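> Below is one structure. I have some questions about it.
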Amino acid sequence: MADVLLRPRSGVMGDPGRPGRFGGYGGGYVPESLVAAVREVEEAFREARPDPGFRGTLARLLAAHAGRPTPLTLARRLSAELGINLLLKREDLTHTGSHKINNVLGQALLARRMGRTRLIAETGAGQHGVATATAAALLGLEATVFMGQRDIERQALNVFRMRLLGAEVVPVTTGSRTLKDATSQAMRHWVGATEHSYYCVGSVIGPHPYPWMVRTFQRVIGDEARVQCATELSTGVPEHVVACVGGGSNAAGTFAGFADTSARLVGVEAEGGAGAALGEVGVLHGARSLFLQDGEGQIVEAHSVAAGLDYPGVGPEHAHLRDLGRARYVTVTDDEAISAVVRLARTEGIVAALESAHAVAWVIRAAGAGELAPGASVLLTLSGRGDKDVSTLKELV
Ligand SMILES: *Cc1c(COP(=O)(O)O)cnc(C)c1O
């Protein structure tokens with residue numbers, strides 16, 4: 001557990017350097033008023049990352065508060081039905097119920113080290129907002145969370161949890177009233193508050209250093225899974241590594257643990273939010289990446305039953321991995337994801353988040369189509385638990 005902050009790596013999924021470039025993607029396209037603030041975050045992160053004090057504190061929080069390491073569970077009955085060997089990396093068992101806490105604990109510690117007293121965050125499904133509110137309470141910081149009005153309505157439970165934890169939740173009523181708009185609003189708010197506030201980004205999106213920093217904090221998923229697979233599998237490394245992709249943080253953290261192996265990396269997007277599979281090059285929220293756009297380059301609204309995948313783009317490193325052919329990106333429909341929640345629940349006794357169910361749905365489809373060889377080993381990151389989705393599911397199942 002001591003080494004959660006990763007040994008430095010070169011090559012694929014290494015340090016993107018000062019310009020923060022992943023091939024032709026990434027960078028820091030921020031208004032002049034944010035240039036200094038973003039640079040300060042990078043300096044602080046570069047300093048904190050190798051510091052044994054920082055690493056030790058983070059490792060302790062991840063163990064004592066977040067419940068790490070999370071188990072690797074063999075999905076015995078579903079594996080038998082599909083004719084494969086499916087291993088689940090159980091981020092649903094973390095405190096607060098999704099992988100978001102890994103990143104937030106890292107950034108909240110960084111904010112405190114930088115002398116900031118308040119965290120600003122955007123949230124879609126509310127999981128990042130809940131994680132931010134949790135870390136703020138734990139470390140004695142304030143939290144202001146921007147959330148689209150539409151998401152506030154469909155994720156009422158998480159809104160209540162954030163308020164219970166002492167966070168201020170600010171409704172965003174512009175645009176599609178979902179994650180994209182909440183992110184824009186949070187960045188705008190930060191411009192006037194950089195002195196005391198730290199912007200805690202929830203995925204591998206945004207200007208440099210966020211995509212790299214968030215992946216680095218999420219890499220604990222991949223690093224733990226790598227060690228667990230080494231004892232669980234005779235081959236040591238799974239043949240396929242699968243994760244759902246909204247902005248792409250749980251996938252990036254998982255992939256980073258296996259980028260230097262023979263494992264085939266698969267990112268599963270919602271059909272209505274498939275930035276990596278169907279997007280085009282553009283600049284949004286401070287980075288050059290792939291986004292769903294219309295003929296005139298306007299960002300198209302994303303649509304997914306899973307609020308956490310309702311984002312029209314993908315983090316810049318995923319765009320680069322796609323171009324390199326190191327990872328491939330596929331899409332799943334709402335109906336497939338809903339069926340996958342039910343199937344996993346009834347075969348394994350695990351109610352997964354709708355986001356995570358996209359990854360499960362792709363594995364079910366690929367196994368059925370013969371895309372996964374009989375007996376193939378598949379590591380799947382189950383990014384979160386489905387408690388937050390029960391009211392949505394009640395209408396649909
Ligand atoms: C936020 C969220 C996601 C999507 O975010 P990524 O950055 O793509 O990981 C996926 N699953 C759950 C449970 C989430 O809360």
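If you're wondering about the labels, chains in the structure tokens are A, B, ... by order shown, residues count from 1 in each chain, ligands from 1 in order shown.
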Could you give me the residues within 7 Å of ligand 1, counting only C-alpha atoms and all ligand atoms, as a list in words?
Ser98, His99, Lys100, Gly124, Ala125, Gln127, His128, Gly202, Ser203, Val204, Cys244, Val245, Gly246, Gly247, Gly248, Ser249, Asn250, Ala251, Gly308, Leu309, Ala353, Glu355, Ser356, Ser383, Gly384 and Arg385 of chain A
> Could you write out the selected residues, including N, CA, C and O atoms, as a JSON list (two decimals), in the first residue's frame?

[["chain", "number", "residue", "atom", "x", "y", "z"],
["A", 98, "SER", "N", -17.79, 4.27, -5.12],
["A", 98, "SER", "CA", -17.20, 4.24, -6.46],
["A", 98, "SER", "C", -15.72, 4.59, -6.38],
["A", 98, "SER", "O", -15.24, 5.06, -5.34],
["A", 99, "HIS", "N", -15.04, 4.40, -7.51],
["A", 99, "HIS", "CA", -13.60, 4.69, -7.59],
["A", 99, "HIS", "C", -13.29, 6.17, -7.38],
["A", 99, "HIS", "O", -12.14, 6.52, -7.17],
["A", 100, "LYS", "N", -14.28, 7.06, -7.45],
["A", 100, "LYS", "CA", -14.01, 8.49, -7.37],
["A", 100, "LYS", "C", -13.20, 8.88, -6.13],
["A", 100, "LYS", "O", -12.39, 9.80, -6.16],
["A", 124, "GLY", "N", -21.63, 14.61, -12.05],
["A", 124, "GLY", "CA", -22.68, 14.15, -12.96],
["A", 124, "GLY", "C", -23.64, 13.26, -12.19],
["A", 124, "GLY", "O", -24.68, 13.69, -11.72],
["A", 125, "ALA", "N", -23.24, 12.00, -11.99],
["A", 125, "ALA", "CA", -24.06, 11.08, -11.20],
["A", 125, "ALA", "C", -24.12, 11.48, -9.74],
["A", 125, "ALA", "O", -24.95, 10.99, -8.99],
["A", 127, "GLN", "N", -21.48, 11.00, -7.79],
["A", 127, "GLN", "CA", -20.47, 10.22, -7.08],
["A", 127, "GLN", "C", -19.22, 11.04, -6.79],
["A", 127, "GLN", "O", -18.64, 10.94, -5.71],
["A", 128, "HIS", "N", -18.79, 11.86, -7.76],
["A", 128, "HIS", "CA", -17.63, 12.71, -7.52],
["A", 128, "HIS", "C", -17.96, 13.79, -6.49],
["A", 128, "HIS", "O", -17.12, 14.13, -5.66],
["A", 202, "GLY", "N", -13.03, 15.67, -11.50],
["A", 202, "GLY", "CA", -13.47, 14.31, -11.18],
["A", 202, "GLY", "C", -13.12, 13.23, -12.18],
["A", 202, "GLY", "O", -13.43, 12.06, -11.96],
["A", 203, "SER", "N", -12.49, 13.60, -13.30],
["A", 203, "SER", "CA", -12.12, 12.57, -14.26],
["A", 203, "SER", "C", -10.82, 12.98, -14.97],
["A", 203, "SER", "O", -10.25, 14.02, -14.64],
["A", 204, "VAL", "N", -10.40, 12.18, -15.94],
["A", 204, "VAL", "CA", -9.14, 12.47, -16.63],
["A", 204, "VAL", "C", -9.38, 13.47, -17.75],
["A", 204, "VAL", "O", -8.98, 13.27, -18.90],
["A", 244, "CYS", "N", -15.55, 0.75, -18.05],
["A", 244, "CYS", "CA", -16.43, 1.73, -18.68],
["A", 244, "CYS", "C", -15.72, 3.08, -18.76],
["A", 244, "CYS", "O", -14.79, 3.36, -18.01],
["A", 245, "VAL", "N", -16.16, 3.90, -19.71],
["A", 245, "VAL", "CA", -15.52, 5.20, -19.95],
["A", 245, "VAL", "C", -16.57, 6.30, -20.01],
["A", 245, "VAL", "O", -17.44, 6.31, -20.88],
["A", 246, "GLY", "N", -16.49, 7.22, -19.03],
["A", 246, "GLY", "CA", -17.25, 8.46, -19.12],
["A", 246, "GLY", "C", -16.25, 9.50, -19.59],
["A", 246, "GLY", "O", -16.00, 9.68, -20.78],
["A", 247, "GLY", "N", -15.59, 10.17, -18.62],
["A", 247, "GLY", "CA", -14.39, 10.96, -18.95],
["A", 247, "GLY", "C", -13.21, 10.02, -19.11],
["A", 247, "GLY", "O", -12.28, 10.28, -19.87],
["A", 248, "GLY", "N", -13.26, 8.91, -18.38],
["A", 248, "GLY", "CA", -12.24, 7.87, -18.56],
["A", 248, "GLY", "C", -11.31, 7.62, -17.39],
["A", 248, "GLY", "O", -10.24, 7.02, -17.57],
["A", 249, "SER", "N", -11.68, 8.02, -16.16],
["A", 249, "SER", "CA", -10.71, 7.89, -15.07],
["A", 249, "SER", "C", -10.57, 6.47, -14.52],
["A", 249, "SER", "O", -9.45, 6.03, -14.25],
["A", 250, "ASN", "N", -11.70, 5.74, -14.37],
["A", 250, "ASN", "CA", -11.51, 4.38, -13.84],
["A", 250, "ASN", "C", -10.83, 3.50, -14.88],
["A", 250, "ASN", "O", -10.01, 2.64, -14.55],
["A", 251, "ALA", "N", -11.12, 3.77, -16.16],
["A", 251, "ALA", "CA", -10.45, 3.03, -17.23],
["A", 251, "ALA", "C", -8.96, 3.38, -17.28],
["A", 251, "ALA", "O", -8.12, 2.49, -17.36],
["A", 308, "GLY", "N", -23.18, 9.15, -15.00],
["A", 308, "GLY", "CA", -21.72, 9.28, -15.00],
["A", 308, "GLY", "C", -21.08, 9.09, -16.37],
["A", 308, "GLY", "O", -19.89, 9.36, -16.55],
["A", 309, "LEU", "N", -21.85, 8.62, -17.34],
["A", 309, "LEU", "CA", -21.31, 8.45, -18.71],
["A", 309, "LEU", "C", -21.90, 9.50, -19.65],
["A", 309, "LEU", "O", -21.63, 9.48, -20.85],
["A", 353, "ALA", "N", -23.36, -0.28, -10.46],
["A", 353, "ALA", "CA", -23.80, 1.01, -11.00],
["A", 353, "ALA", "C", -24.10, 0.85, -12.49],
["A", 353, "ALA", "O", -23.49, 0.02, -13.17],
["A", 355, "GLU", "N", -23.24, 2.72, -14.80],
["A", 355, "GLU", "CA", -22.01, 3.01, -15.55],
["A", 355, "GLU", "C", -21.20, 1.73, -15.72],
["A", 355, "GLU", "O", -20.86, 1.32, -16.84],
["A", 356, "SER", "N", -20.91, 1.10, -14.60],
["A", 356, "SER", "CA", -20.10, -0.14, -14.61],
["A", 356, "SER", "C", -20.76, -1.23, -15.44],
["A", 356, "SER", "O", -20.08, -2.05, -16.07],
["A", 383, "SER", "N", -16.76, -0.17, -11.51],
["A", 383, "SER", "CA", -16.40, 1.16, -11.00],
["A", 383, "SER", "C", -17.25, 1.61, -9.81],
["A", 383, "SER", "O", -16.80, 2.44, -9.02],
["A", 384, "GLY", "N", -18.47, 1.08, -9.69],
["A", 384, "GLY", "CA", -19.29, 1.55, -8.57],
["A", 384, "GLY", "C", -20.49, 0.66, -8.31],
["A", 384, "GLY", "O", -20.82, -0.22, -9.10],
["A", 385, "ARG", "N", -21.15, 0.94, -7.20],
["A", 385, "ARG", "CA", -22.33, 0.15, -6.82],
["A", 385, "ARG", "C", -23.62, 0.86, -7.24],
["A", 385, "ARG", "O", -23.63, 2.07, -7.46]]
> Mind checking which residues fall within 8 Å of segment 153-167 of chain A, counting only C-alpha atoms, ignoring those fewer than 4 positions away in the same chain, and posting them as a list in words?
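Skipping anything fewer than 4 positions along the chain leaves Ala125, Gly126, Gln127, Gly129, Val130, Ala133, Thr134, Ala137, Glu142, Ala143, Thr144, Val145, Gln149, Lys388, Asp389 and Thr392 of chain A.
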> Give me the residues near segment 275-279 of chain A as a PyMOL selection string, where near means some atom within 8 Å (using only C-alpha atoms) and where sequence neighbours in that chain fewer than 5 positions away do not count.
chain A and resi 269+290-293+311-314+318-319+322+329-331
> Please report the interatomic distance between atom CA of Pro211 of chain A and atom CA of Gly315 of chain A in Å with one decimal.
6.7 Å
> Excluding same-chain residues fewer than 5 positions from Tyr198 of chain A, what lies within 7 Å of it counting only C-alpha atoms, as a compact mmCIF listing (two decimals) with N, CA, C and O atoms, in the first residue's frame?

# COMPACT_ATOMS: atom_id res chain seq x y z
N ALA A 111 -4.67 19.90 -2.07
CA ALA A 111 -5.26 21.21 -1.80
C ALA A 111 -4.85 21.70 -0.41
O ALA A 111 -4.47 22.86 -0.23
N ARG A 116 -5.06 25.67 0.56
CA ARG A 116 -6.42 26.01 0.14
C ARG A 116 -7.43 25.54 1.19
O ARG A 116 -7.20 24.50 1.83
N ARG A 118 -10.96 25.46 0.47
CA ARG A 118 -12.24 25.05 -0.11
C ARG A 118 -12.01 24.24 -1.39
O ARG A 118 -11.13 24.58 -2.20
N LEU A 119 -12.81 23.20 -1.57
CA LEU A 119 -12.77 22.42 -2.80
C LEU A 119 -13.95 22.82 -3.67
O LEU A 119 -15.08 22.91 -3.18
N ILE A 120 -13.68 23.02 -4.96
CA ILE A 120 -14.74 23.23 -5.94
C ILE A 120 -14.78 21.96 -6.79
O ILE A 120 -13.73 21.44 -7.16
> Report as a list of chain:residue names all protein, DNA and RNA residues lying within 9 Å of Thr70 of chain A, evaluated on only C-alpha atoms, omitting residues in the same chain fewer than 6 positions from it.
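Within the cut-off, the hits are A:Lys89, A:Arg90, A:Glu91, A:Asp92, A:Leu93, A:Thr94, A:Ile221, A:Glu224, A:Ala225.
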> Could you write out the selected residues, including all heavy atoms, as a compact mmCIF listing (two decimals), in the first residue's frame?

# COMPACT_ATOMS: atom_id res chain seq x y z
N LYS A 89 -12.79 -6.27 -10.49
CA LYS A 89 -12.06 -5.41 -9.56
C LYS A 89 -13.10 -4.54 -8.88
O LYS A 89 -13.76 -3.73 -9.52
CB LYS A 89 -11.01 -4.58 -10.30
CG LYS A 89 -10.18 -3.66 -9.41
CD LYS A 89 -9.43 -4.40 -8.33
CE LYS A 89 -8.55 -3.44 -7.52
NZ LYS A 89 -8.16 -4.05 -6.22
N ARG A 90 -13.25 -4.73 -7.56
CA ARG A 90 -14.43 -4.28 -6.85
C ARG A 90 -14.34 -2.84 -6.31
O ARG A 90 -14.39 -2.62 -5.10
CB ARG A 90 -14.72 -5.26 -5.71
CG ARG A 90 -14.95 -6.71 -6.17
CD ARG A 90 -16.25 -6.88 -6.95
NE ARG A 90 -17.39 -6.40 -6.22
CZ ARG A 90 -18.02 -7.09 -5.27
NH1 ARG A 90 -17.64 -8.29 -4.95
NH2 ARG A 90 -19.08 -6.56 -4.66
N GLU A 91 -14.32 -1.86 -7.20
CA GLU A 91 -14.35 -0.46 -6.75
C GLU A 91 -15.71 -0.10 -6.13
O GLU A 91 -15.84 0.91 -5.43
CB GLU A 91 -14.00 0.48 -7.90
CG GLU A 91 -12.59 0.30 -8.42
CD GLU A 91 -11.54 0.46 -7.34
OE1 GLU A 91 -11.40 1.56 -6.79
OE2 GLU A 91 -10.86 -0.54 -7.02
N ASP A 92 -16.72 -0.94 -6.41
CA ASP A 92 -18.04 -0.72 -5.78
C ASP A 92 -17.96 -0.88 -4.26
O ASP A 92 -18.85 -0.42 -3.54
CB ASP A 92 -19.08 -1.69 -6.36
CG ASP A 92 -18.69 -3.16 -6.15
OD1 ASP A 92 -17.54 -3.53 -6.44
OD2 ASP A 92 -19.55 -3.93 -5.70
N LEU A 93 -16.90 -1.54 -3.78
CA LEU A 93 -16.80 -1.77 -2.33
C LEU A 93 -16.02 -0.67 -1.60
O LEU A 93 -15.83 -0.76 -0.39
CB LEU A 93 -16.15 -3.13 -2.07
CG LEU A 93 -17.02 -4.33 -2.48
CD1 LEU A 93 -16.31 -5.64 -2.19
CD2 LEU A 93 -18.37 -4.29 -1.78
N THR A 94 -15.58 0.34 -2.31
CA THR A 94 -14.90 1.45 -1.62
C THR A 94 -15.90 2.27 -0.82
O THR A 94 -17.10 2.30 -1.13
CB THR A 94 -14.23 2.42 -2.62
OG1 THR A 94 -15.23 2.87 -3.53
CG2 THR A 94 -13.10 1.78 -3.38
N ILE A 221 -5.97 1.44 -8.79
CA ILE A 221 -6.85 0.34 -9.25
C ILE A 221 -6.05 -0.67 -10.06
O ILE A 221 -6.06 -1.87 -9.79
CB ILE A 221 -8.02 0.87 -10.13
CG1 ILE A 221 -8.82 1.96 -9.43
CG2 ILE A 221 -8.92 -0.29 -10.55
CD1 ILE A 221 -9.84 2.65 -10.36
N GLU A 224 -3.10 -2.46 -8.02
CA GLU A 224 -3.60 -3.52 -7.14
C GLU A 224 -4.04 -4.73 -7.96
O GLU A 224 -3.72 -5.88 -7.63
CB GLU A 224 -4.82 -3.03 -6.34
CG GLU A 224 -4.49 -2.17 -5.14
CD GLU A 224 -5.75 -1.72 -4.40
OE1 GLU A 224 -6.85 -2.26 -4.66
OE2 GLU A 224 -5.64 -0.81 -3.58
N ALA A 225 -4.79 -4.46 -9.05
CA ALA A 225 -5.31 -5.55 -9.87
C ALA A 225 -4.17 -6.37 -10.50
O ALA A 225 -4.26 -7.59 -10.62
CB ALA A 225 -6.24 -5.01 -10.94
> Given the choices A:Leu139, A:Ile205, A:Ile84, A:Ala108, which gets closest to Gly26 of chain A if the distance is worked out from only C-alpha atoms?
A:Ile205
> Leaving out Ala263 of chain A and any residue of its chain fewer than 5 positions from it, which residues lie within 9 Å of it when counting only C-alpha atoms, given as a list in words?
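Selected residues are Val237, Pro238, Glu239, His240, Val241 and Phe258 of chain A.
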> Keeping only N, CA, C and O atoms, write those residues as a CSV table (one decimal), in the first residue's frame.

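Result file result-v6.csv:
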chain,number,residue,atom,x,y,z
A,237,VAL,N,-1.2,-12.4,-16.2
A,237,VAL,CA,-1.8,-11.1,-16.8
A,237,VAL,C,-3.1,-11.6,-17.5
A,237,VAL,O,-3.1,-12.6,-18.2
A,238,PRO,N,-4.2,-10.8,-17.3
A,238,PRO,CA,-5.4,-11.2,-18.1
A,238,PRO,C,-5.3,-10.9,-19.6
A,238,PRO,O,-4.5,-10.1,-20.0
A,239,GLU,N,-6.0,-11.7,-20.4
A,239,GLU,CA,-6.0,-11.4,-21.8
A,239,GLU,C,-6.7,-10.1,-22.2
A,239,GLU,O,-6.3,-9.5,-23.2
A,240,HIS,N,-7.8,-9.8,-21.5
A,240,HIS,CA,-8.5,-8.6,-21.7
A,240,HIS,C,-8.7,-7.8,-20.5
A,240,HIS,O,-9.0,-8.4,-19.4
A,241,VAL,N,-8.6,-6.5,-20.6
A,241,VAL,CA,-8.8,-5.6,-19.5
A,241,VAL,C,-9.9,-4.6,-19.9
A,241,VAL,O,-9.8,-3.9,-20.9
A,258,PHE,N,-1.7,-2.0,-16.7
A,258,PHE,CA,-1.5,-3.1,-17.7
A,258,PHE,C,-0.9,-2.6,-19.0
A,258,PHE,O,-0.8,-3.4,-19.9
